[in-house]
Amino acid sequence: MNAICGISPEMHLEVTMLFEEYGRLLDADRLEDWTTLFLPDCLYEIISRENVEQNLPLSLMLCDSRDMLDDRVYSLREANVFNIHYDCHIIGPVRVTAQDGMWTATAAYSLFQSIQAGETRLFSVGRYHAELKRVDGVLRIAKMRVLVDTGAILTLLATPI
Amino acid sequence: MTAPAGADALSRYTFPAADCSRIPYGMYRDPDVFELEQERIFRGPIWNYLALEAEIPNPGDYRLIEVGDTPVIVNRARDGSLHALVNRCSHRGAEVQRNLHGNTKVHTCCYHQWSFDLTGKLIGVPFQKGIKGVGGLPADFDKACHNLQRLRVETMNGAIFGTFCEETPPLEEYLGPVFTHQVKRLFHKPVKVLGYQRQRIFGNWKLYTDNLRDPNHGGLLHMFQITFGIARLSGTGGARVDADGKHNLSWAAQGGRTDQDGASDGGYAGTDRGDMNIKLKDPSLLRYYKEFPDNLTLAVTSLFANAALQQIGNTLAVRQLRPRSADEFEIVSTFFGYEDDDEAMTRHRLRKANLAGPAGLVSMEDGEAVELVHRAIVRDMDKHSIVEFGGRGPVTDQENLISDVPMRGFWIYYCKLMGIRAGETA
């Protein structure tokens, strides 16, 4: 047992694998599969450090249900026009704590974007703050807040972080 | 007097039509043009949008912004008066205030500790007289001659504007009746700031002001509303301009005509776009709670040259355009609601913010469109883009959305301030 946060190595591994899956599905542009990692009444939010530190509630992206998340993905597929790019998420070590059946997990990330001609830029850095819940034996995301340090969005923010 | 930097740049390009229905690419790419714009546009006889009073409600409150590419402090002095000061120490030219926002009694430069009060007056110079008569500034050094550079400031319903130029007419005159109404409409009661969004776009700032004055692209590039059957180009909407044509209101209203032309393709023939009649799983995002006396559901007011006031349904914001170079600009959007919003309305506005900004379901494409143009016009700078939707000639109000006439209004006024004679040579 980890004395600091009461998390077993097995639990830690399970959360780590969920984060790996999260980044892998985004990078593979499997957005429809990515949304299945979330619970039906989930919250997914991308918010800037600038707003968080001023206690301002405005997000860059806010979906307060799986339906809304699905709509966002559907819109990207069918309606929106955005810069053609490939994502590469580098997700750092995950810190996990548990309380009353709810697991919280935090991790830093870097997100690189590459264009068709193979040029890469660092698109965004920040931290994931997740609340996870086991439902029917499977660990799922109840809440995912992406706190971005890169609040000045380069060009536009289409695909999720 | 020497000619301003870049003055000869203007002779490189030709506006073949007096109505600005042709715009030479070079105006978007030439760094010398950008230099000249800083003097003649952003420091010229215009009012720049600075900030909202709601962002600096208390004496001592300040925020850092930019006017053109000049760093500026906007703050409220002890007596409640508002001031805009160039954020550059009169000593060595360093940034005086380094925090993006805060509350202070004085602005002190960290370099040599010169300090300025909230009106920009130089009040403290350490070791001005040296130590025991040794060192220090000359005896005739006059602090009163070394204040921070000030902008002239005017406010309207809590929106703060500033100008560098003595000749700029009073704000209300500059806005004209239509745009005075638009500012007062959006700020008809005290606002509550909900937060900021920032977007860096790697293109020329005027491609963005063009885009704001081009209602025609709305239903062709931004397909969210079309795809999900919310709005279409053939719906009720249009554009209004002021007497100069420099400001623009793009509007759409609920009710009224739809598909007036009766075309079954809604005008989208020959494209792969059109009404797909697809439904959102959670359509609550699209709900509009009427909150203005008129029927406008979309009102985007572009003020020459650095601001746009935005009502997209119940999503309210003011965007400040900050040009960085000929090839890059930032848009800083301040989203707000009203002080008397209840919790449910605030929640609704925050959810609806999904439609606007850099990740906006309706608006994200603007960043891409600007960059697509900026990249492709790298050469052939004296070739032109075409601005003819809605016709040529005088710039007037438009009663439909299939128009980019207001774009020409911007350019005609721009040419006037820049000293460009459009249409003189072909």
# chains A, B, ... in the order shown; residues from 1 in each chain; ligands from 1
>>> interface_residues(of="chain B", to="chain A", cutoff="8 Å", atoms="only C-alpha atoms", output="JSON, numbers by chain")
{"B": [193, 194, 195, 196, 197, 198, 199, 200, 201, 202, 221, 222, 223, 224, 227, 280, 281, 282, 335, 350, 351, 353, 354, 357, 358, 359, 360, 361, 362, 364, 365, 367, 368]}
>>> residues_around(residues="Gln311 of chain B", least_positions_apart="5", cutoff="6 Å", atoms="only C-alpha atoms", output="list in words")
Leu298, Ala299 and Leu316 of chain B
>>> residues_around(residues="segment 398-402 of chain B", least_positions_apart="4", cutoff="9 Å", atoms="only C-alpha atoms", output="number ranges by chain")
B: 214-219, 233-241, 250-252, 389-390, 406
>>> atom_distance(atom1="atom CA of Phe329 of chain B", atom2="atom CA of Leu355 of chain B")
21.4 Å
>>> select_by_dssp(residues="segment 200-385 of chain B", states="strand (DSSP E or B)", output="ChimeraX atom specification")
/B:200-201,237-241,248-253,296-303,307-312,315-325,328-338,384-385
>>> select_by_dssp(residues="segment 2-161 of chain A", states="helix (DSSP H, G or I)", output="ChimeraX atom specification")
/A:9-27,31-37,49-53,66-78
>>> write_last_selection(atoms="N, CA and C atoms", output="compact mmCIF listing (two decimals), in the first residue's frame")
# COMPACT_ATOMS: atom_id res chain seq x y z
N PRO A 9 -0.76 -0.66 -5.54
CA PRO A 9 -0.11 -0.64 -6.85
C PRO A 9 -1.06 -1.06 -7.97
N GLU A 10 -1.98 -1.97 -7.66
CA GLU A 10 -2.94 -2.43 -8.69
C GLU A 10 -3.87 -1.27 -9.11
N MET A 11 -4.34 -0.53 -8.09
CA MET A 11 -5.21 0.61 -8.40
C MET A 11 -4.46 1.65 -9.22
N HIS A 12 -3.23 1.89 -8.81
CA HIS A 12 -2.42 2.88 -9.52
C HIS A 12 -2.21 2.47 -10.97
N LEU A 13 -1.96 1.19 -11.16
CA LEU A 13 -1.75 0.67 -12.52
C LEU A 13 -3.03 0.83 -13.35
N GLU A 14 -4.15 0.57 -12.71
CA GLU A 14 -5.43 0.64 -13.43
C GLU A 14 -5.70 2.09 -13.91
N VAL A 15 -5.41 3.05 -13.06
CA VAL A 15 -5.63 4.45 -13.44
C VAL A 15 -4.63 4.86 -14.52
N THR A 16 -3.40 4.41 -14.35
CA THR A 16 -2.38 4.71 -15.35
C THR A 16 -2.80 4.18 -16.72
N MET A 17 -3.35 2.97 -16.72
CA MET A 17 -3.79 2.37 -17.99
C MET A 17 -4.96 3.14 -18.59
N LEU A 18 -5.84 3.65 -17.74
CA LEU A 18 -6.96 4.46 -18.24
C LEU A 18 -6.43 5.74 -18.91
N PHE A 19 -5.46 6.38 -18.28
CA PHE A 19 -4.88 7.59 -18.88
C PHE A 19 -4.16 7.26 -20.19
N GLU A 20 -3.49 6.11 -20.22
CA GLU A 20 -2.83 5.69 -21.47
C GLU A 20 -3.85 5.51 -22.58
N GLU A 21 -4.96 4.84 -22.22
CA GLU A 21 -6.03 4.60 -23.17
C GLU A 21 -6.61 5.94 -23.67
N TYR A 22 -6.79 6.85 -22.75
CA TYR A 22 -7.33 8.19 -23.03
C TYR A 22 -6.48 8.89 -24.10
N GLY A 23 -5.17 8.93 -23.86
CA GLY A 23 -4.27 9.61 -24.80
C GLY A 23 -4.16 8.86 -26.12
N ARG A 24 -4.13 7.53 -26.04
CA ARG A 24 -3.99 6.71 -27.25
C ARG A 24 -5.18 6.88 -28.19
N LEU A 25 -6.40 6.88 -27.61
CA LEU A 25 -7.61 7.03 -28.44
C LEU A 25 -7.67 8.41 -29.08
N LEU A 26 -7.27 9.44 -28.33
CA LEU A 26 -7.26 10.79 -28.91
C LEU A 26 -6.25 10.87 -30.06
N ASP A 27 -5.04 10.35 -29.80
CA ASP A 27 -3.98 10.42 -30.82
C ASP A 27 -4.36 9.62 -32.07
N LEU A 31 -12.21 9.31 -31.65
CA LEU A 31 -12.92 10.17 -30.69
C LEU A 31 -14.21 9.52 -30.20
N GLU A 32 -14.87 8.75 -31.08
CA GLU A 32 -16.12 8.10 -30.68
C GLU A 32 -15.84 7.05 -29.61
N ASP A 33 -14.67 6.39 -29.68
CA ASP A 33 -14.30 5.43 -28.63
C ASP A 33 -13.85 6.16 -27.37
N TRP A 34 -13.19 7.29 -27.57
CA TRP A 34 -12.72 8.09 -26.42
C TRP A 34 -13.90 8.51 -25.53
N THR A 35 -15.03 8.88 -26.13
CA THR A 35 -16.16 9.33 -25.30
C THR A 35 -16.73 8.19 -24.46
N THR A 36 -16.48 6.94 -24.86
CA THR A 36 -17.01 5.83 -24.06
C THR A 36 -16.26 5.66 -22.74
N LEU A 37 -15.15 6.36 -22.59
CA LEU A 37 -14.43 6.32 -21.30
C LEU A 37 -15.16 7.14 -20.25
N ARG A 49 -5.64 28.44 -17.09
CA ARG A 49 -5.08 28.81 -15.79
C ARG A 49 -5.47 30.26 -15.44
N GLU A 50 -5.46 31.11 -16.47
CA GLU A 50 -5.81 32.53 -16.25
C GLU A 50 -7.19 32.65 -15.59
N ASN A 51 -8.17 31.90 -16.07
CA ASN A 51 -9.51 31.99 -15.49
C ASN A 51 -9.58 31.31 -14.13
N VAL A 52 -8.95 30.15 -14.00
CA VAL A 52 -8.98 29.42 -12.73
C VAL A 52 -8.41 30.29 -11.62
N GLU A 53 -7.29 30.94 -11.90
CA GLU A 53 -6.63 31.73 -10.85
C GLU A 53 -7.40 32.98 -10.47
N ARG A 66 -22.43 13.11 -21.30
CA ARG A 66 -21.89 12.29 -22.39
C ARG A 66 -22.55 12.69 -23.71
N ASP A 67 -23.86 13.01 -23.66
CA ASP A 67 -24.57 13.44 -24.87
C ASP A 67 -23.90 14.66 -25.49
N MET A 68 -23.56 15.61 -24.63
CA MET A 68 -22.95 16.84 -25.12
C MET A 68 -21.55 16.57 -25.68
N LEU A 69 -20.86 15.63 -25.07
CA LEU A 69 -19.54 15.23 -25.55
C LEU A 69 -19.68 14.56 -26.93
N ASP A 70 -20.69 13.69 -27.05
CA ASP A 70 -20.95 13.03 -28.34
C ASP A 70 -21.30 14.05 -29.41
N ASP A 71 -22.09 15.06 -29.04
CA ASP A 71 -22.44 16.12 -30.00
C ASP A 71 -21.20 16.85 -30.47
N ARG A 72 -20.30 17.14 -29.56
CA ARG A 72 -19.05 17.84 -29.88
C ARG A 72 -18.26 17.02 -30.91
N VAL A 73 -18.14 15.73 -30.66
CA VAL A 73 -17.40 14.87 -31.57
C VAL A 73 -18.12 14.78 -32.92
N TYR A 74 -19.44 14.65 -32.86
CA TYR A 74 -20.22 14.56 -34.09
C TYR A 74 -20.08 15.83 -34.93
N SER A 75 -20.07 16.96 -34.25
CA SER A 75 -19.91 18.23 -34.95
C SER A 75 -18.54 18.31 -35.62
N LEU A 76 -17.51 17.83 -34.92
CA LEU A 76 -16.16 17.83 -35.52
C LEU A 76 -16.15 16.98 -36.80
N ARG A 77 -16.87 15.88 -36.75
CA ARG A 77 -16.89 14.97 -37.91
C ARG A 77 -17.69 15.55 -39.07
N GLU A 78 -18.82 16.16 -38.77
CA GLU A 78 -19.79 16.50 -39.81
C GLU A 78 -19.82 17.98 -40.20
>>> residues_around(residues="Leu303 of chain B", least_positions_apart="2", cutoff="12 Å", atoms="only C-alpha atoms", output="count of residues only")
43
>>> residues_around(residues="segment 100-102 of chain A", least_positions_apart="2", cutoff="8 Å", atoms="only C-alpha atoms", output="ChimeraX atom specification")
/A:98,104,131-134
>>> write_last_selection(atoms="all heavy atoms", output="PDB file, in the first residue's frame")
ATOM      1  N   ALA A  98      -7.821   8.245  -3.245  1.00  0.00           N
ATOM      2  CA  ALA A  98      -9.162   7.642  -3.216  1.00  0.00           C
ATOM      3  C   ALA A  98      -9.903   8.066  -1.959  1.00  0.00           C
ATOM      4  O   ALA A  98      -9.305   8.218  -0.891  1.00  0.00           O
ATOM      5  CB  ALA A  98      -9.058   6.120  -3.264  1.00  0.00           C
ATOM      6  N   THR A 104      -9.551  10.189  -7.372  1.00  0.00           N
ATOM      7  CA  THR A 104      -9.129  11.374  -8.115  1.00  0.00           C
ATOM      8  C   THR A 104      -7.719  11.132  -8.656  1.00  0.00           C
ATOM      9  O   THR A 104      -6.899  10.490  -7.999  1.00  0.00           O
ATOM     10  CB  THR A 104      -9.131  12.649  -7.241  1.00  0.00           C
ATOM     11  OG1 THR A 104      -8.190  12.481  -6.193  1.00  0.00           O
ATOM     12  CG2 THR A 104     -10.499  12.901  -6.650  1.00  0.00           C
ATOM     13  N   GLU A 131     -11.865  12.821 -11.909  1.00  0.00           N
ATOM     14  CA  GLU A 131     -12.538  12.022 -10.893  1.00  0.00           C
ATOM     15  C   GLU A 131     -13.057  10.770 -11.585  1.00  0.00           C
ATOM     16  O   GLU A 131     -13.745  10.861 -12.604  1.00  0.00           O
ATOM     17  CB  GLU A 131     -13.694  12.805 -10.262  1.00  0.00           C
ATOM     18  CG  GLU A 131     -13.195  13.959  -9.389  1.00  0.00           C
ATOM     19  CD  GLU A 131     -14.320  14.762  -8.748  1.00  0.00           C
ATOM     20  OE1 GLU A 131     -15.481  14.304  -8.781  1.00  0.00           O
ATOM     21  OE2 GLU A 131     -14.022  15.851  -8.225  1.00  0.00           O
ATOM     22  N   LEU A 132     -12.681   9.624 -11.002  1.00  0.00           N
ATOM     23  CA  LEU A 132     -12.982   8.350 -11.652  1.00  0.00           C
ATOM     24  C   LEU A 132     -13.890   7.530 -10.750  1.00  0.00           C
ATOM     25  O   LEU A 132     -13.850   7.659  -9.525  1.00  0.00           O
ATOM     26  CB  LEU A 132     -11.687   7.587 -11.925  1.00  0.00           C
ATOM     27  CG  LEU A 132     -10.577   8.403 -12.599  1.00  0.00           C
ATOM     28  CD1 LEU A 132      -9.270   7.627 -12.617  1.00  0.00           C
ATOM     29  CD2 LEU A 132     -10.982   8.782 -14.018  1.00  0.00           C
ATOM     30  N   LYS A 133     -14.681   6.687 -11.386  1.00  0.00           N
ATOM     31  CA  LYS A 133     -15.633   5.880 -10.635  1.00  0.00           C
ATOM     32  C   LYS A 133     -15.674   4.489 -11.266  1.00  0.00           C
ATOM     33  O   LYS A 133     -15.636   4.380 -12.492  1.00  0.00           O
ATOM     34  CB  LYS A 133     -17.026   6.529 -10.754  1.00  0.00           C
ATOM     35  CG  LYS A 133     -17.871   6.483  -9.509  1.00  0.00           C
ATOM     36  CD  LYS A 133     -19.135   7.287  -9.799  1.00  0.00           C
ATOM     37  CE  LYS A 133     -19.979   7.495  -8.577  1.00  0.00           C
ATOM     38  NZ  LYS A 133     -21.092   8.419  -8.867  1.00  0.00           N
ATOM     39  N   ARG A 134     -15.790   3.466 -10.413  1.00  0.00           N
ATOM     40  CA  ARG A 134     -15.926   2.126 -10.964  1.00  0.00           C
ATOM     41  C   ARG A 134     -17.409   1.814 -11.132  1.00  0.00           C
ATOM     42  O   ARG A 134     -18.181   1.866 -10.182  1.00  0.00           O
ATOM     43  CB  ARG A 134     -15.269   1.098 -10.038  1.00  0.00           C
ATOM     44  CG  ARG A 134     -15.203  -0.292 -10.646  1.00  0.00           C
ATOM     45  CD  ARG A 134     -14.612  -1.290  -9.689  1.00  0.00           C
ATOM     46  NE  ARG A 134     -13.239  -0.978  -9.309  1.00  0.00           N
ATOM     47  CZ  ARG A 134     -12.180  -1.149 -10.107  1.00  0.00           C
ATOM     48  NH1 ARG A 134     -12.347  -1.622 -11.315  1.00  0.00           N
ATOM     49  NH2 ARG A 134     -10.969  -0.853  -9.691  1.00  0.00           N
TER      50      ARG A 134
END
>>> residues_around(residues="Val74 of chain B", least_positions_apart="2", cutoff="6 Å", atoms="only C-alpha atoms", output="list in words")
Tyr62, Arg63, His83 and Ala84 of chain B
